[in-house]
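Please read the structure below before turning to the comments.
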Amino acid sequence: MVPALLLAAVLAGACGDDDAAGDDDGTALPATGCGDERQERVDPGSATHVLAGGDEPDSYATDPPTSGPHVPGPPRSGVLDEPLTRPEQVGHLEAGGILVQHDGLTDAEVDELAALTGEEVAVVPNPDLPAPIVATAWLRTMRCSTPDLDALDAFVVANVGRAPGSDG
């Protein structure tokens with residue numbers, strides 16, 4: 001009986017509840033730079049593969065998503081000109097990639113973020129963000145009000161390749 005209770009406690013901690021960090025928890029975004037890196041809850045649909053260009057699932061546990069139904073495939077890299085769908089975002093993260101998504105930045109600020117790109121890191125526009133910059137990895141997120149390359153680079157280093165579908 002004790003192992004079953006232990007398993008239930010572990011699963012409850014991993015999945016969170018309705019007030020988990022994936023929801024708007026009221027944490028204030030700093031006037032400049034980045035807030036703290038946050039652990040997100042696992043989306044119950046994470047094992048679901050969807051077809052590229054197909055219907056997008058109605059909801060995800062977090063926004064932008066850090067797990068959930070996804071299009072499988074290798075992560076993209078570089079500075080992308082078009083937003084990714086939520087299933088494409090999650091597919092990128094499941095493969096161990098990092099997304100640095102942005103909205104409302106100047107061309108110069110996007111050029112700053114380009115310094116973060118690498119083999120598994122993409123800088124991508126997204127008009128539906130809760131902050132001007134949101135970095136995501138598998139089950140991890142960090143929100144920024146302005147480019148903070150030191151904080152964002154630390155996020156990338158700590159999280160790249162750490163996902164169920166990665167080789168890392």
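Going by the structure tokens order, chains are called A, B, ..., each with residues numbered from 1, while ligands are numbered from 1 in the order shown.
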
What are the closest atom pairs, with distances in Å to one decimal, for each residue of range 36-66 of chain A lying within 12 Å of range 160-165 of chain A, using only C-alpha atoms, rows by chain and rising residue number, as a tab-separated table?
```
residue	atom	partner	partner_atom	distance
A:Val42	CA	A:Ala163	CA	11.9
A:Ser46	CA	A:Pro164	CA	10.2
A:Ala47	CA	A:Pro164	CA	10.3
A:Thr66	CA	A:Ala163	CA	10.4
```

Practice problem: DSSP on the backbone, then: every residue of chain A marked helix (DSSP H, G or I), written as a VMD selection string. | Solution: chain A and resid 2 to 15 86 to 94 107 to 114 149 to 159

Output C-alpha atoms for every residue in that selection, as a short mmCIF file (atom, residue, chain, number, x, y, z; two decimals), in the first residue's frame.
```
data_model
loop_
_atom_site.label_atom_id
_atom_site.label_comp_id
_atom_site.auth_asym_id
_atom_site.auth_seq_id
_atom_site.Cartn_x
_atom_site.Cartn_y
_atom_site.Cartn_z
CA VAL A 2 2.83 2.43 0.80
CA PRO A 3 4.37 2.17 -2.73
CA ALA A 4 1.00 3.11 -4.25
CA LEU A 5 0.77 6.18 -1.99
CA LEU A 6 4.34 7.15 -2.87
CA LEU A 7 3.58 6.83 -6.58
CA ALA A 8 0.44 8.95 -6.18
CA ALA A 9 2.44 11.65 -4.39
CA VAL A 10 5.12 11.70 -7.10
CA LEU A 11 2.52 11.92 -9.87
CA ALA A 12 0.62 14.67 -8.07
CA GLY A 13 3.83 16.68 -7.77
CA ALA A 14 4.74 16.15 -11.44
CA CYS A 15 1.30 16.94 -12.80
CA ARG A 86 1.66 25.10 -30.65
CA PRO A 87 2.13 21.45 -31.80
CA GLU A 88 5.30 22.53 -33.66
CA GLN A 89 6.55 24.37 -30.56
CA VAL A 90 6.11 21.30 -28.38
CA GLY A 91 7.71 19.03 -30.98
CA HIS A 92 10.75 21.30 -30.95
CA LEU A 93 10.92 21.15 -27.15
CA GLU A 94 10.34 17.38 -26.94
CA ASP A 107 14.72 44.67 -35.19
CA ALA A 108 17.80 45.53 -33.11
CA GLU A 109 16.42 43.56 -30.12
CA VAL A 110 15.68 40.55 -32.34
CA ASP A 111 19.24 40.81 -33.69
CA GLU A 112 20.47 40.68 -30.06
CA LEU A 113 18.47 37.49 -29.47
CA ALA A 114 19.99 35.96 -32.64
CA LEU A 149 21.42 37.67 -22.98
CA ASP A 150 23.14 36.46 -19.81
CA ALA A 151 19.91 35.12 -18.29
CA LEU A 152 18.67 33.70 -21.59
CA ASP A 153 22.01 32.03 -22.33
CA ALA A 154 21.98 30.46 -18.86
CA PHE A 155 18.45 29.15 -19.59
CA VAL A 156 19.66 27.65 -22.88
CA VAL A 157 22.74 26.02 -21.33
CA ALA A 158 20.74 24.56 -18.44
CA ASN A 159 17.93 23.14 -20.59
#
```

Quiz item: Got a sec: who's within 6 Å of Gly33 in chain A, counting only C-alpha atoms, leaving out chain neighbours fewer than 6 positions off, as a PyMOL selection string?
Solution: chain A and resi 144-146+148

Quiz item: If you run DSSP on this backbone, which residues of chain A come out as strand (DSSP E or B), and could you give them as a ChimeraX atom specification?
Solution: /A:34,38-39,49,70,78-79,98-102,118,121-125,133-137,140-144
